[in-house]
>>> print(open('work.txt').read())   # compact mmCIF, C-alpha atoms
# COMPACT_ATOMS: atom_id res chain seq x y z
CA MET A 1283 10.27 -109.00 54.90
CA ARG A 1284 13.62 -107.23 55.15
CA THR A 1285 12.95 -105.41 51.85
CA ASN A 1286 9.56 -104.21 53.11
CA ILE A 1287 11.13 -102.78 56.26
CA LYS A 1288 13.78 -100.97 54.18
CA ASP A 1289 11.13 -99.51 51.84
CA SER A 1290 9.03 -98.36 54.74
CA GLU A 1291 12.05 -96.65 56.39
CA PHE A 1292 13.01 -95.00 53.12
CA GLN A 1293 9.46 -93.68 52.63
CA THR A 1294 9.24 -92.41 56.19
CA ILE A 1295 12.48 -90.43 55.97
CA GLY A 1296 11.62 -88.56 52.74
CA PHE A 1297 7.88 -88.29 53.05
CA SER A 1298 7.61 -85.55 55.70
CA SER A 1299 10.03 -83.27 53.80
CA ILE A 1300 8.10 -83.66 50.56
CA LEU A 1301 4.82 -83.04 52.37
CA VAL A 1302 6.17 -79.90 54.04
CA VAL A 1303 7.54 -78.58 50.75
CA PHE A 1304 4.19 -79.05 48.99
CA VAL A 1305 2.20 -77.56 51.86
CA MET A 1306 4.56 -74.57 52.00
CA LEU A 1307 4.33 -74.03 48.25
CA ALA A 1308 0.54 -74.09 48.37
CA LEU A 1309 0.39 -71.86 51.45
CA SER A 1310 2.81 -69.26 50.11
CA THR A 1311 1.04 -69.20 46.72
CA PHE A 1312 -2.35 -68.58 48.31
CA THR A 1313 -0.91 -65.98 50.68
CA VAL A 1314 0.69 -64.01 47.86
CA LEU A 1315 -2.49 -64.25 45.78
CA THR A 1316 -4.59 -63.00 48.71
CA LEU A 1317 -2.22 -60.09 49.30
CA VAL A 1318 -2.14 -59.10 45.63
CA SER A 1319 -5.93 -59.36 45.36
CA ALA A 1320 -6.50 -57.24 48.50
CA ASN A 1321 -4.00 -54.66 47.28
CA ALA A 1322 -5.63 -54.44 43.85
CA ASP A 1323 -9.02 -54.07 45.51
CA TYR A 1324 -7.73 -51.23 47.69
CA LYS A 1325 -6.13 -49.45 44.73
CA LEU A 1326 -9.42 -49.68 42.82
CA THR A 1327 -11.40 -48.29 45.78
CA LYS A 1328 -8.87 -45.50 46.26
CA THR A 1329 -9.03 -44.59 42.57
CA MET A 1330 -12.82 -44.49 42.79
CA ALA A 1331 -12.67 -42.25 45.90
CA GLU A 1332 -10.13 -39.93 44.26
CA GLY A 1333 -12.33 -39.72 41.15
CA ASP A 1334 -15.32 -38.87 43.32
CA THR A 1335 -13.36 -36.18 45.17
CA ALA A 1336 -12.06 -34.71 41.88
CA TYR A 1337 -15.61 -34.55 40.50
CA GLU A 1338 -16.91 -32.90 43.67
CA GLU A 1339 -14.10 -30.30 43.59
CA ALA A 1340 -14.88 -29.48 39.94
CA SER A 1341 -18.58 -29.35 40.75
CA ASN A 1342 -17.91 -26.99 43.68
CA ARG A 1343 -15.85 -24.70 41.43
CA ALA A 1344 -18.65 -24.71 38.84
CA LYS A 1345 -21.26 -23.93 41.53
CA THR A 1346 -19.14 -21.02 42.75
CA ARG A 1347 -18.96 -19.63 39.20
CA VAL A 1348 -22.69 -20.04 38.73
CA ALA A 1349 -23.25 -18.29 42.07
CA GLU A 1350 -21.05 -15.36 40.95
CA LEU A 1351 -22.93 -15.14 37.65
CA ASP A 1352 -26.24 -15.31 39.52
CA ARG A 1353 -25.23 -12.38 41.72
CA LEU A 1354 -24.18 -10.34 38.66
CA LEU A 1355 -27.48 -11.15 36.95
CA ALA A 1356 -29.40 -10.14 40.09
CA GLU A 1357 -27.54 -6.79 40.22
CA ARG A 1358 -28.23 -6.19 36.52
CA TYR A 1359 -31.89 -7.15 36.93
CA GLU A 1360 -32.31 -4.69 39.81
CA THR A 1361 -31.07 -1.82 37.64
CA GLY A 1362 -32.68 -2.75 34.31
CA GLY A 1363 -35.61 -5.00 35.08
CA MET A 1364 -34.80 -7.32 32.14
CA LEU A 1365 -31.85 -9.39 30.99
CA PRO A 1366 -31.29 -8.80 27.26
CA ALA A 1367 -28.39 -10.52 25.45
CA SER A 1368 -26.34 -7.32 25.34
CA ALA A 1369 -26.59 -6.91 29.13
CA VAL A 1370 -25.67 -10.57 29.73
CA ARG A 1371 -22.69 -10.24 27.38
CA GLN A 1372 -21.43 -7.24 29.36
CA ILE A 1373 -21.44 -8.99 32.72
CA LEU A 1374 -20.36 -12.41 31.51
CA PRO A 1375 -16.85 -13.50 32.56
CA GLU A 1376 -14.40 -13.93 29.67
CA ASP A 1377 -14.01 -17.69 30.02
CA MET A 1378 -17.73 -18.33 29.57
CA ALA A 1379 -19.11 -18.80 26.05
CA MET A 1380 -22.42 -17.31 25.03
CA GLU A 1381 -24.94 -17.95 22.28
CA THR A 1382 -28.28 -16.31 21.76
CA SER A 1383 -31.46 -18.21 21.08
CA THR A 1384 -35.16 -17.45 20.97
CA GLU A 1385 -35.53 -18.48 24.61
CA GLY A 1386 -32.67 -16.32 25.87
CA CYS A 1387 -28.90 -16.58 26.25
CA LEU A 1388 -27.17 -19.92 26.34
CA VAL A 1389 -24.07 -19.70 28.52
CA SER A 1390 -21.62 -22.57 28.70
CA PHE A 1391 -18.32 -23.30 30.41
CA THR A 1392 -16.24 -26.27 31.48
CA GLU A 1393 -14.35 -27.19 34.62
CA THR A 1394 -11.49 -29.67 34.55
CA ILE A 1395 -11.99 -32.80 36.65
CA ASP A 1396 -8.73 -34.55 35.69
CA GLU A 1397 -6.53 -35.06 32.61
CA ARG A 1398 -9.24 -36.93 30.75
CA GLN A 1399 -12.50 -35.63 32.14
CA ASP A 1400 -14.28 -32.28 32.22
CA LEU A 1401 -17.49 -31.03 33.72
CA ALA A 1402 -19.57 -29.32 31.05
CA VAL A 1403 -22.12 -26.78 32.28
CA GLU A 1404 -24.75 -25.09 30.15
CA LEU A 1405 -27.14 -22.46 31.45
CA LEU A 1406 -30.12 -20.74 29.89
CA ILE A 1407 -30.59 -17.13 30.95
CA PRO A 1408 -34.09 -16.03 29.92
CA GLN A 1409 -34.61 -12.43 28.92
CA VAL A 1410 -37.46 -12.11 31.40
CA PRO A 1411 -36.69 -14.12 34.53
CA SER A 1412 -39.54 -16.43 35.46
CA ASP A 1413 -38.27 -18.90 38.04
CA GLY A 1414 -34.78 -17.68 38.80
CA PHE A 1415 -32.28 -15.85 36.63
CA TYR A 1416 -30.98 -19.04 35.05
CA GLN A 1417 -31.91 -22.61 34.30
CA ILE A 1418 -29.37 -25.41 34.30
CA LEU A 1419 -29.63 -27.23 30.98
CA ARG A 1420 -26.54 -29.39 31.32
CA TRP A 1421 -24.32 -30.47 34.22
CA GLN A 1422 -22.44 -33.36 32.72
CA LYS A 1423 -19.17 -35.17 33.10
CA THR A 1424 -17.54 -35.49 29.67
CA THR A 1425 -14.60 -37.62 28.66
CA SER A 1426 -12.08 -36.25 26.23
CA VAL A 1427 -11.35 -38.96 23.70
CA SER A 1428 -7.73 -38.79 22.62
CA GLN A 1429 -6.53 -40.53 19.48
CA PRO A 1430 -4.38 -43.53 20.45
CA ASP A 1431 -0.78 -43.45 19.32
CA PRO A 1432 -0.37 -46.47 16.97
CA GLY A 1433 3.28 -46.97 18.00
CA ALA A 1434 2.69 -46.82 21.76
CA GLU A 1435 2.24 -49.96 23.82
CA GLU A 1436 -0.47 -49.77 26.44
CA PRO A 1437 -0.14 -51.86 29.61
CA LEU A 1438 -3.02 -54.19 30.40
CA HIS A 1439 -3.22 -53.37 34.17
CA VAL A 1440 -4.36 -56.89 35.00
CA LEU A 1441 -3.50 -56.51 38.71
CA MET B 21 21.23 -101.73 66.52
CA ASN B 22 23.45 -98.68 65.95
CA THR B 23 22.22 -98.37 62.36
CA HIS B 24 18.61 -98.45 63.54
CA HIS B 25 19.34 -95.72 66.13
CA SER B 26 21.14 -93.50 63.64
CA LYS B 27 18.22 -93.82 61.18
CA SER B 28 15.77 -92.90 63.90
CA PHE B 29 17.99 -89.96 64.79
CA ILE B 30 18.08 -88.78 61.18
CA MET B 31 14.30 -89.13 60.92
CA LEU B 32 13.83 -87.22 64.16
CA LEU B 33 16.22 -84.54 62.95
CA GLU B 34 14.37 -84.28 59.65
CA ILE B 35 11.01 -83.94 61.39
CA MET B 36 12.41 -81.28 63.73
CA ILE B 37 13.88 -79.29 60.82
CA ASN B 38 10.57 -79.61 58.98
CA ILE B 39 8.65 -78.39 62.03
CA CYS B 40 11.01 -75.42 62.38
CA PHE B 41 10.72 -74.63 58.68
CA PHE B 42 6.96 -75.05 58.82
CA ALA B 43 6.67 -72.74 61.85
CA ALA B 44 8.83 -70.07 60.20
CA MET B 45 6.82 -70.19 56.98
CA ILE B 46 3.52 -70.17 58.85
CA SER B 47 4.55 -67.09 60.81
CA ILE B 48 5.58 -65.26 57.60
CA CYS B 49 2.36 -66.30 55.86
CA LEU B 50 0.26 -65.23 58.88
CA VAL B 51 1.91 -61.81 58.88
CA LEU B 52 1.18 -61.42 55.16
CA LEU B 53 -2.40 -62.70 55.57
CA PHE B 54 -3.06 -60.24 58.41
CA ARG B 55 -1.64 -57.47 56.24
CA ALA B 56 -4.02 -58.53 53.44
CA LEU B 57 -6.87 -58.54 55.96
CA ARG B 58 -6.00 -55.00 57.09
CA ILE B 59 -5.82 -53.79 53.47
CA SER B 60 -9.16 -55.46 52.78
CA ASP B 61 -10.67 -53.76 55.87
CA ARG B 62 -9.32 -50.40 54.72
CA SER B 63 -10.85 -50.77 51.26
CA GLU B 64 -14.18 -51.83 52.83
CA ASP B 65 -14.07 -48.77 55.13
CA LEU B 66 -13.25 -46.46 52.24
CA ASN B 67 -15.92 -47.95 50.01
CA HIS B 68 -18.62 -47.56 52.66
CA GLY B 69 -17.25 -44.13 53.61
CA VAL B 70 -17.62 -42.85 50.04
CA THR B 71 -21.17 -44.24 49.79
CA LEU B 72 -22.30 -42.84 53.17
CA VAL B 73 -20.70 -39.42 52.60
CA ASN B 74 -22.25 -39.16 49.12
CA SER B 75 -25.63 -40.13 50.51
CA ALA B 76 -25.36 -37.52 53.29
CA ALA B 77 -24.19 -34.89 50.79
CA ALA B 78 -27.21 -35.57 48.57
CA LEU B 79 -29.51 -35.22 51.62
CA TYR B 80 -27.78 -31.98 52.59
CA GLU B 81 -28.25 -30.57 49.08
CA GLY B 82 -31.88 -31.70 49.11
CA CYS B 83 -32.42 -29.87 52.41
CA SER B 84 -30.82 -26.69 50.93
CA GLY B 85 -27.97 -26.81 53.43
CA ASP B 86 -30.12 -27.10 56.55
CA THR B 87 -28.17 -29.25 59.03
CA GLU B 88 -31.09 -29.94 61.34
CA LYS B 89 -33.34 -31.04 58.47
CA THR B 90 -30.54 -33.28 57.19
CA ALA B 91 -30.15 -34.83 60.66
CA LYS B 92 -33.87 -35.65 60.77
CA SER B 93 -33.36 -38.05 57.86
CA TYR B 94 -31.28 -40.26 60.16
CA ARG B 95 -32.63 -42.21 63.11
CA TYR B 96 -29.72 -41.77 65.52
CA ALA B 97 -28.26 -38.42 64.45
CA GLU B 98 -27.15 -35.85 66.98
CA ALA B 99 -27.83 -32.39 65.64
CA GLU B 100 -26.40 -29.06 66.69
CA PRO B 101 -27.08 -25.74 64.91
CA ASP B 102 -24.09 -26.06 62.57
CA ARG B 103 -23.03 -29.62 63.13
CA CYS B 104 -24.50 -33.07 62.89
CA PHE B 105 -23.14 -36.47 63.94
CA VAL B 106 -24.42 -39.78 62.57
CA TYR B 107 -23.09 -42.97 64.16
CA PHE B 108 -22.57 -46.33 62.47
CA ASP B 109 -21.68 -49.75 63.88
CA ASP B 110 -19.03 -52.13 62.50
CA GLN B 111 -21.55 -53.35 59.89
CA TYR B 112 -22.01 -49.74 58.68
CA GLN B 113 -25.56 -49.64 60.00
CA GLU B 114 -26.89 -46.62 61.88
CA CYS B 115 -26.66 -47.05 65.64
CA ALA B 116 -26.55 -45.20 68.94
CA LYS B 117 -23.35 -43.44 69.99
CA LYS B 118 -22.41 -46.07 72.60
CA ASP B 119 -22.36 -48.89 69.99
CA ALA B 120 -20.64 -46.84 67.29
CA ALA B 121 -17.50 -47.83 65.40
CA TYR B 122 -17.68 -45.03 62.83
CA VAL B 123 -19.01 -41.49 62.81
CA LEU B 124 -20.14 -39.27 59.97
CA GLN B 125 -19.69 -35.64 60.89
CA LEU B 126 -21.29 -32.82 58.96
CA THR B 127 -20.09 -29.30 59.64
CA SER B 128 -22.04 -26.58 57.90
CA SER B 129 -20.84 -23.04 57.36
CA VAL B 130 -22.00 -20.06 55.35
CA ASP B 131 -19.84 -18.07 52.94
CA ARG B 132 -19.82 -14.27 52.66
CA TYR B 133 -22.74 -14.34 50.21
CA GLY B 134 -24.88 -16.53 52.45
CA ASP B 135 -24.47 -19.78 50.50
CA PRO B 136 -24.08 -22.91 52.67
CA THR B 137 -21.02 -25.14 52.54
CA GLY B 138 -20.99 -28.61 54.07
CA ASP B 139 -17.86 -30.42 55.22
CA PHE B 140 -18.41 -34.18 55.50
CA GLN B 141 -16.02 -36.45 57.39
CA PHE B 142 -16.36 -40.20 57.82
CA SER B 143 -14.05 -41.33 60.63
CA ASP B 144 -13.05 -44.50 62.43
CA LEU B 145 -13.66 -43.98 66.15
CA GLN B 146 -11.24 -46.67 67.34
CA ARG B 147 -8.30 -45.60 65.21
CA GLU B 148 -9.33 -41.94 65.42
CA SER B 149 -8.59 -41.49 61.74
CA VAL B 150 -10.49 -39.84 58.92
CA ILE B 151 -11.42 -42.40 56.26
CA TYR B 152 -13.05 -40.11 53.72
CA GLN B 153 -13.72 -36.40 53.60
CA LYS B 154 -15.29 -34.01 51.14
CA ASP B 155 -16.69 -30.50 50.92
CA VAL B 156 -19.93 -29.63 49.20
CA VAL B 157 -20.67 -26.07 48.11
CA LEU B 158 -24.29 -25.09 47.58
CA HIS B 159 -25.80 -22.13 45.84
CA LEU B 160 -29.37 -21.11 46.55
CA PRO B 161 -30.55 -19.38 43.37
CA LEU B 162 -31.17 -15.67 43.92
CA GLY B 163 -33.73 -15.38 41.15
CA ARG B 164 -36.23 -17.45 43.12
CA THR B 165 -36.97 -14.33 45.12
CA VAL B 166 -37.92 -12.56 41.84
CA SER B 167 -40.62 -15.10 41.06
CA GLU B 168 -41.82 -15.00 44.68
CA GLU B 169 -42.02 -11.19 44.49
CA ARG B 170 -44.08 -11.47 41.30
CA GLN B 171 -46.45 -13.95 42.90
CA GLU B 172 -46.88 -11.58 45.83
CA MET B 173 -47.57 -8.67 43.43
CA GLN B 174 -50.19 -10.69 41.56
>>> encode(input="work.txt", output="structure tokens")
Amino acid sequence: MRTNIKDSEFQTIGFSSILVVFVMLALSTFTVLTLVSANADYKLTKTMAEGDTAYEEASNRAKTRVAELDRLLAERYETGGMLPASAVRQILPEDMAMETSTEGCLVSFTETIDERQDLAVELLIPQVPSDGFYQILRWQKTTSVSQPDPGAEEPLHVL
Amino acid sequence: MNTHHSKSFIMLLEIMINICFFAAMISICLVLLFRALRISDRSEDLNHGVTLVNSAAALYEGCSGDTEKTAKSYRYAEAEPDRCFVYFDDQYQECAKKDAAYVLQLTSSVDRYGDPTGDFQFSDLQRESVIYQKDVVLHLPLGRTVSEERQEMQ
């Protein structure tokens, strides 16, 4: 009987501390995990929003360049009535590439979105304008694939 | 008798220390959990902000930069000649101004060549902060008038 009382007292004294320690460990672990998860989620959303903004800025710059080209083509059309390759080449800005095809002039240029992505734009300028001075053939986000350095270690970005 | 009292005292002391420790840890954990909740709310706001702004920008482009036409696509939009306000509740659903928690503001302007530019802002009305913002430049092709002229001539 005496032994039982002693055991019971011993258990009662240590038990609450052990319980509190375990509860605290569990609580703090879950809290830290929640915080890390929420933070990772926010970083991902922010990256997505920044990517979207960067694309829109590049797209706006490309639209402005197309608008400038369109105005030049309209001026040239008013004076000449047609848009032959030689006339397009004269008015084309230096940073735009041009190729000739049977359908007309193929004009292409790129706008930088970020370090790894570009916006590639390709326009067809027909010799005789039918529905506008240009047609958009390509308006595409392209990723520049860089060769990985075999010696470099890449982080996993788990969190 | 004394031994029994001292044991009870030690037990009471232990429980009190545990309660204090527990309360301190709970308060720290609550602060961190509320911070996580705020971060989670911010990412939810930003996520919905990006989606709603992109959707409005696509409508604006589809309406060739006409603010009033864009506003007609929404049920509760308030349209002015160069501005448009669309209100959303805390579940990011369209609602009337009095129930709104967020507002999507579209401000349209015209550049020197006559091309429309739309400025989209998704804001939190309670915190009075801009969650997401972007500009959209449009270009209305000039050559369209050439084909219209030809049709008129024919």
>>> atom_distance(input="work.txt", atom1="CA of Leu79 (chain B)", atom2="CA of Ser149 (chain B)")
24.1 Å
>>> interface_residues(input="work.txt", of="chain A", to="chain B", cutoff="6 Å", atoms="all atoms listed in the file", output="list in words")
Ile1295, Leu1317, Ala1320, Tyr1324, Asn1342, Ala1349, Ser1412, Asp1413, Gly1414 and Phe1415 of chain A
>>> atom_distance(input="work.txt", atom1="CA of Ser128 (chain B)", atom2="CA of Asp86 (chain B)")
8.2 Å
>>> atom_distance(input="work.txt", atom1="CA of Pro136 (chain B)", atom2="CA of Gly85 (chain B)")
5.6 Å
>>> residues_around(input="work.txt", residues="region 1419-1424 of chain A", least_positions_apart="5", cutoff="10 Å", atoms="all atoms listed in the file", output="list of chain:residue names")
A:Tyr1337, A:Ala1340, A:Ser1341, A:Ala1344, A:Leu1388, A:Val1389, A:Ser1390, A:Thr1392, A:Glu1393, A:Thr1394, A:Ile1395, A:Arg1398, A:Gln1399, A:Asp1400, A:Leu1401, A:Ala1402, A:Val1403, A:Glu1404, A:Leu1405, A:Leu1406
>>> residues_around(input="work.txt", residues="Leu1355 (chain A)", least_positions_apart="6", cutoff="12 Å", atoms="all atoms listed in the file", output="NGL selection string")
(:A and (1348-1349 or 1361-1367 or 1369-1375 or 1407-1411 or 1414-1416)) or (:B and (161-163 or 166))
>>> axis_aligned_box(input="work.txt", around="region 1415-1426 of chain A", padding_each_side="3 Å", output="AutoDock Vina command-line options")
--center_x -22.2 --center_y -26.7 --center_z 31.4 --size_x 26.2 --size_y 27.8 --size_z 16.4
